[in-house]
Number of protein chains: 2
Amino acid sequence: MPTVHGVNASPFVRKVRVALAEKGIAYDLVPVMPMGQTQEFLAISPLGKIPVYQDGDFTLPDSSCIIAYLEKTTPEPPLYPGDAHAFGKALFYEEYADTRLAEVLGPPFTQRVVTVKIMKGEPDQAVIDEALANTPPVLDYLESAIGDEEFLAGGRLSVADIAVATMFVNWGHAGETVDARRWPKLAAYIDRIHARPSFKAVIEEEQAQLRAMG
Amino acid sequence: MPTVHGVNASPFVRKVRVALAEKGIAYDLVPVMPMGQTQEFLAISPLGKIPVYQDGDFTLPDSSCIIAYLEKTTPEPPLYPGDAHAFGKALFYEEYADTRLAEVLGPPFTQRVVTVKIMKGEPDQAVIDEALANTPPVLDYLESAIGDEEFLAGGRLSVADIAVATMFVNWGHAGETVDARRWPKLAAYIDRIHARPSFKAVIEEEQAQLRAMG
């Protein structure tokens, strides 16, 4: 059975786990923390990041690379649009989520969950405030991107939806939600994607673990 | 004719230009600087980055997304390996180049070329020294990655080679070269990729522009 090296609550590990669930691929999750990695792990992850996907001797880091690879080995159901324009747009939404969304939605989670619950430290409120101040333009962009569509690109679930929605799971763990009065389409979209069995199972597993931390 | 919005000497603009040349696609280069962009440009590049590819009404930012899109519209010659393992590895080398290589090979160019020649300012030698100190492990990794192969993945030119080699063009503009005594395979590989007509034409165009700046 293939292996995902990583830990729960990492948005990028979750992104891969959701893609695997959507494709119906069974796997083992092998715990690797995002920091303080062994030389052995750095040998299979030259950028020192989780997740890494392993199937026999073959290892591959980076959530975007892993999901693109899975599309080759297990094409159904597709997670990339067939139409070239929609395909390009899906990849860009994924890039936007992996970089900009991680930047603005990440800090409340890092401070309130990682620093407080896991590291038993004090949160840096200024870091949270700055991230929250930078968030509205990002939500405006996504509200306009989803518009009246069910999915971001190609008329069906794609890597774009998985990449965007995984970032909002961490924001939710940090107690933040999209204000449905100001961003009604985005709020409904995020709820819709999070309600899929692939997301729901991982979210509930993580919520139980976070509750157990107090 | 399609348009590339961007400027010469950006490694990511060059990455797209080389891919277009390899695929034999003619295009216009429309100058957009990497900073101080207009609202009009930000509307087609939500992350505020160059390049953006435009074909009629369709616009797409991000070099990785653009080249993946071009593979759909113009499949020949392929720039992604057909084999799933090689495909995954090619995408990871591209990611490694776009992030880690940009980080360690970028500063000498930014300081000596952008700051000195373009902005007419003083270079920050400490920034250059730190980047150069971080470079050997990266070159070790690439020396081992190329080994005795002609290309990084799949036995023919791919997006991996274009992404890696474009970063060494900027390093070269900054006066740095791979020491062939310490990294003989990497040095020969970079020379080989830069000698391709697709790279050679852009490099010579850029060198002429940089010489004109004095």
# chains A, B, ... in the order shown; residues from 1 in each chain; ligands from 1
>>> interface_residues(of="chain A", to="chain B", cutoff="10 Å", atoms="only C-alpha atoms", output="PDB file with N, CA and C atoms, in the first residue's frame")
ATOM      1  N   ALA A  43      16.533  13.215   2.583  1.00  0.00           N
ATOM      2  CA  ALA A  43      16.986  12.560   1.350  1.00  0.00           C
ATOM      3  C   ALA A  43      15.820  12.328   0.380  1.00  0.00           C
ATOM      4  N   SER A  45      13.012  14.285   0.619  1.00  0.00           N
ATOM      5  CA  SER A  45      12.326  15.573   0.511  1.00  0.00           C
ATOM      6  C   SER A  45      13.351  16.702   0.519  1.00  0.00           C
ATOM      7  N   PRO A  46      13.993  16.967  -0.624  1.00  0.00           N
ATOM      8  CA  PRO A  46      15.108  17.923  -0.668  1.00  0.00           C
ATOM      9  C   PRO A  46      14.733  19.333  -0.199  1.00  0.00           C
ATOM     10  N   LEU A  47      13.459  19.700  -0.248  1.00  0.00           N
ATOM     11  CA  LEU A  47      13.072  21.015   0.262  1.00  0.00           C
ATOM     12  C   LEU A  47      12.682  20.941   1.736  1.00  0.00           C
ATOM     13  N   PHE A  58       9.611   4.250  -5.156  1.00  0.00           N
ATOM     14  CA  PHE A  58       9.400   5.578  -5.746  1.00  0.00           C
ATOM     15  C   PHE A  58       8.919   6.567  -4.683  1.00  0.00           C
ATOM     16  N   THR A  59       9.615   7.686  -4.567  1.00  0.00           N
ATOM     17  CA  THR A  59       9.205   8.718  -3.611  1.00  0.00           C
ATOM     18  C   THR A  59       9.046  10.046  -4.351  1.00  0.00           C
ATOM     19  N   LEU A  60       8.075  10.839  -3.912  1.00  0.00           N
ATOM     20  CA  LEU A  60       7.818  12.129  -4.568  1.00  0.00           C
ATOM     21  C   LEU A  60       7.332  13.135  -3.530  1.00  0.00           C
ATOM     22  N   PRO A  61       8.053  14.261  -3.386  1.00  0.00           N
ATOM     23  CA  PRO A  61       7.603  15.320  -2.476  1.00  0.00           C
ATOM     24  C   PRO A  61       6.690  16.308  -3.196  1.00  0.00           C
ATOM     25  N   ASP A  62       6.085  17.188  -2.423  1.00  0.00           N
ATOM     26  CA  ASP A  62       5.316  18.343  -2.912  1.00  0.00           C
ATOM     27  C   ASP A  62       3.894  17.949  -3.323  1.00  0.00           C
ATOM     28  N   SER A  63       2.931  18.555  -2.626  1.00  0.00           N
ATOM     29  CA  SER A  63       1.522  18.197  -2.860  1.00  0.00           C
ATOM     30  C   SER A  63       1.103  18.389  -4.317  1.00  0.00           C
ATOM     31  N   SER A  64       1.553  19.459  -4.954  1.00  0.00           N
ATOM     32  CA  SER A  64       1.150  19.706  -6.345  1.00  0.00           C
ATOM     33  C   SER A  64       1.712  18.631  -7.272  1.00  0.00           C
ATOM     34  N   CYS A  65       2.984  18.282  -7.065  1.00  0.00           N
ATOM     35  CA  CYS A  65       3.610  17.237  -7.882  1.00  0.00           C
ATOM     36  C   CYS A  65       2.931  15.893  -7.634  1.00  0.00           C
ATOM     37  N   ILE A  66       2.612  15.608  -6.374  1.00  0.00           N
ATOM     38  CA  ILE A  66       2.020  14.312  -6.020  1.00  0.00           C
ATOM     39  C   ILE A  66       0.657  14.144  -6.697  1.00  0.00           C
ATOM     40  N   ILE A  67      -0.173  15.180  -6.641  1.00  0.00           N
ATOM     41  CA  ILE A  67      -1.525  15.047  -7.217  1.00  0.00           C
ATOM     42  C   ILE A  67      -1.441  14.949  -8.743  1.00  0.00           C
ATOM     43  N   ALA A  68      -0.530  15.693  -9.354  1.00  0.00           N
ATOM     44  CA  ALA A  68      -0.346  15.582 -10.813  1.00  0.00           C
ATOM     45  C   ALA A  68       0.115  14.171 -11.186  1.00  0.00           C
ATOM     46  N   TYR A  69       0.993  13.610 -10.358  1.00  0.00           N
ATOM     47  CA  TYR A  69       1.462  12.228 -10.569  1.00  0.00           C
ATOM     48  C   TYR A  69       0.304  11.230 -10.416  1.00  0.00           C
ATOM     49  N   LEU A  70      -0.512  11.409  -9.390  1.00  0.00           N
ATOM     50  CA  LEU A  70      -1.648  10.490  -9.163  1.00  0.00           C
ATOM     51  C   LEU A  70      -2.617  10.502 -10.350  1.00  0.00           C
ATOM     52  N   GLU A  71      -2.738  11.686 -10.981  1.00  0.00           N
ATOM     53  CA  GLU A  71      -3.621  11.787 -12.150  1.00  0.00           C
ATOM     54  C   GLU A  71      -3.137  10.884 -13.295  1.00  0.00           C
ATOM     55  N   LYS A  72      -1.806  10.699 -13.372  1.00  0.00           N
ATOM     56  CA  LYS A  72      -1.235   9.822 -14.416  1.00  0.00           C
ATOM     57  C   LYS A  72      -1.475   8.351 -14.081  1.00  0.00           C
ATOM     58  N   THR A  73      -1.307   7.991 -12.797  1.00  0.00           N
ATOM     59  CA  THR A  73      -1.400   6.568 -12.428  1.00  0.00           C
ATOM     60  C   THR A  73      -2.846   6.142 -12.237  1.00  0.00           C
ATOM     61  N   GLY A  82     -10.269  18.807 -18.514  1.00  0.00           N
ATOM     62  CA  GLY A  82      -9.778  18.376 -19.818  1.00  0.00           C
ATOM     63  C   GLY A  82      -9.566  19.553 -20.766  1.00  0.00           C
ATOM     64  N   ASP A  83     -10.416  20.556 -20.679  1.00  0.00           N
ATOM     65  CA  ASP A  83     -10.302  21.751 -21.527  1.00  0.00           C
ATOM     66  C   ASP A  83      -9.036  22.540 -21.159  1.00  0.00           C
ATOM     67  N   ALA A  84      -8.268  22.945 -22.170  1.00  0.00           N
ATOM     68  CA  ALA A  84      -6.970  23.583 -21.922  1.00  0.00           C
ATOM     69  C   ALA A  84      -7.089  24.876 -21.111  1.00  0.00           C
ATOM     70  N   HIS A  85      -8.060  25.727 -21.427  1.00  0.00           N
ATOM     71  CA  HIS A  85      -8.210  26.976 -20.675  1.00  0.00           C
ATOM     72  C   HIS A  85      -8.552  26.689 -19.215  1.00  0.00           C
ATOM     73  N   ALA A  86      -9.527  25.802 -18.995  1.00  0.00           N
ATOM     74  CA  ALA A  86      -9.925  25.461 -17.622  1.00  0.00           C
ATOM     75  C   ALA A  86      -8.772  24.785 -16.878  1.00  0.00           C
ATOM     76  N   PHE A  87      -8.002  23.985 -17.591  1.00  0.00           N
ATOM     77  CA  PHE A  87      -6.830  23.321 -17.006  1.00  0.00           C
ATOM     78  C   PHE A  87      -5.820  24.362 -16.508  1.00  0.00           C
ATOM     79  N   GLY A  88      -5.511  25.321 -17.360  1.00  0.00           N
ATOM     80  CA  GLY A  88      -4.579  26.377 -16.969  1.00  0.00           C
ATOM     81  C   GLY A  88      -5.086  27.155 -15.760  1.00  0.00           C
ATOM     82  N   LYS A  89      -6.366  27.498 -15.789  1.00  0.00           N
ATOM     83  CA  LYS A  89      -6.941  28.259 -14.671  1.00  0.00           C
ATOM     84  C   LYS A  89      -6.907  27.439 -13.377  1.00  0.00           C
ATOM     85  N   ALA A  90      -7.214  26.138 -13.471  1.00  0.00           N
ATOM     86  CA  ALA A  90      -7.194  25.281 -12.277  1.00  0.00           C
ATOM     87  C   ALA A  90      -5.798  25.276 -11.658  1.00  0.00           C
ATOM     88  N   LEU A  91      -4.773  25.159 -12.491  1.00  0.00           N
ATOM     89  CA  LEU A  91      -3.400  25.166 -11.966  1.00  0.00           C
ATOM     90  C   LEU A  91      -3.080  26.498 -11.308  1.00  0.00           C
ATOM     91  N   PHE A  92      -3.591  27.595 -11.881  1.00  0.00           N
ATOM     92  CA  PHE A  92      -3.297  28.885 -11.257  1.00  0.00           C
ATOM     93  C   PHE A  92      -4.022  29.045  -9.923  1.00  0.00           C
ATOM     94  N   TYR A  93      -5.271  28.612  -9.835  1.00  0.00           N
ATOM     95  CA  TYR A  93      -5.960  28.671  -8.532  1.00  0.00           C
ATOM     96  C   TYR A  93      -5.210  27.834  -7.496  1.00  0.00           C
ATOM     97  N   GLU A  94      -4.685  26.697  -7.934  1.00  0.00           N
ATOM     98  CA  GLU A  94      -3.899  25.865  -7.011  1.00  0.00           C
ATOM     99  C   GLU A  94      -2.673  26.640  -6.523  1.00  0.00           C
ATOM    100  N   GLU A  95      -1.971  27.276  -7.445  1.00  0.00           N
ATOM    101  CA  GLU A  95      -0.782  28.056  -7.083  1.00  0.00           C
ATOM    102  C   GLU A  95      -1.169  29.217  -6.146  1.00  0.00           C
ATOM    103  N   TYR A  96      -2.266  29.881  -6.463  1.00  0.00           N
ATOM    104  CA  TYR A  96      -2.740  30.991  -5.624  1.00  0.00           C
ATOM    105  C   TYR A  96      -3.021  30.497  -4.208  1.00  0.00           C
ATOM    106  N   THR A  99       0.212  29.503  -2.187  1.00  0.00           N
ATOM    107  CA  THR A  99       1.102  30.606  -1.815  1.00  0.00           C
ATOM    108  C   THR A  99       0.343  31.711  -1.074  1.00  0.00           C
ATOM    109  N   ARG A 100      -0.502  32.443  -1.778  1.00  0.00           N
ATOM    110  CA  ARG A 100      -1.161  33.608  -1.172  1.00  0.00           C
ATOM    111  C   ARG A 100      -2.146  33.227  -0.073  1.00  0.00           C
ATOM    112  N   VAL A 138      -8.349  38.987  -0.550  1.00  0.00           N
ATOM    113  CA  VAL A 138      -8.219  37.600  -1.004  1.00  0.00           C
ATOM    114  C   VAL A 138      -9.607  36.943  -1.093  1.00  0.00           C
ATOM    115  N   TYR A 141     -11.414  38.286  -4.101  1.00  0.00           N
ATOM    116  CA  TYR A 141     -10.955  37.624  -5.330  1.00  0.00           C
ATOM    117  C   TYR A 141     -11.621  36.257  -5.494  1.00  0.00           C
TER     118      TYR A 141
END
>>> select_by_dssp(residues="chain A", states="helix (DSSP H, G or I)", output="JSON, numbers by chain")
{"A": [11, 12, 13, 14, 15, 16, 17, 18, 19, 20, 21, 22, 23, 39, 40, 41, 42, 43, 44, 63, 64, 65, 66, 67, 68, 69, 70, 71, 72, 73, 84, 85, 86, 87, 88, 89, 90, 91, 92, 93, 94, 95, 96, 97, 98, 99, 100, 101, 102, 103, 104, 105, 106, 107, 108, 109, 110, 111, 112, 113, 114, 115, 116, 117, 118, 125, 126, 127, 128, 129, 130, 131, 132, 133, 134, 135, 136, 137, 138, 139, 140, 141, 142, 143, 144, 145, 146, 159, 160, 161, 162, 163, 164, 165, 166, 167, 168, 169, 170, 171, 172, 173, 184, 185, 186, 187, 188, 189, 190, 191, 192, 193, 194, 197, 198, 199, 200, 201, 202, 203, 204, 205, 206, 207, 208, 209, 210, 211, 212]}
>>> residues_around(residues="Arg182 in chain A", least_positions_apart="5", cutoff="12 Å", atoms="only C-alpha atoms", output="ChimeraX atom specification")
/A:136-137,139-140,143,177,187-188
>>> residues_around(residues="Ile128 in chain B", least_positions_apart="6", cutoff="9 Å", atoms="only C-alpha atoms", output="list in words")
Pro107, Pro108, Phe109, Thr110, Gln111 and Arg112 of chain B
>>> write_last_selection(atoms="C-alpha atoms", output="mmCIF file, in the first residue's frame")
data_model
loop_
_atom_site.group_PDB
_atom_site.id
_atom_site.type_symbol
_atom_site.label_atom_id
_atom_site.label_comp_id
_atom_site.auth_asym_id
_atom_site.auth_seq_id
_atom_site.Cartn_x
_atom_site.Cartn_y
_atom_site.Cartn_z
ATOM 1 C CA PRO B 107 20.673 37.292 -4.877
ATOM 2 C CA PRO B 108 23.968 37.825 -6.788
ATOM 3 C CA PHE B 109 21.883 38.840 -9.817
ATOM 4 C CA THR B 110 19.507 41.013 -7.801
ATOM 5 C CA GLN B 111 22.382 42.824 -6.084
ATOM 6 C CA ARG B 112 24.944 43.148 -8.879
#
>>> atom_distance(atom1="CA of Val32 in chain B", atom2="CA of Thr3 in chain B")
11.5 Å
>>> residues_around(residues="Lys15 in chain B", least_positions_apart="6", cutoff="8 Å", atoms="only C-alpha atoms", output="number ranges by chain")
B: 63, 162-163, 166
>>> write_last_selection(atoms="N, CA and C atoms", output="tab-separated table (two decimals), in the first residue's frame")
chain	number	residue	atom	x	y	z
B	63	SER	N	4.63	30.95	-14.60
B	63	SER	CA	5.38	30.20	-15.61
B	63	SER	C	5.04	28.71	-15.62
B	162	ILE	N	14.46	23.17	-18.34
B	162	ILE	CA	14.24	24.60	-18.62
B	162	ILE	C	14.22	25.40	-17.32
B	163	ALA	N	13.51	24.86	-16.30
B	163	ALA	CA	13.38	25.57	-15.02
B	163	ALA	C	14.72	25.68	-14.30
B	166	THR	N	17.29	28.01	-16.48
B	166	THR	CA	17.00	29.46	-16.51
B	166	THR	C	17.58	30.16	-15.29
>>> residues_around(residues="Val7 in chain A", least_positions_apart="2", cutoff="8 Å", atoms="only C-alpha atoms", output="VMD selection string")
chain A and resid 5 9 to 10 13 29 to 34 50 to 51
>>> atom_distance(atom1="CA of Ile118 in chain A", atom2="CA of Asn8 in chain A")
12.5 Å
>>> atom_distance(atom1="CA of Lys49 in chain B", atom2="CA of Asn134 in chain B")
25.4 Å
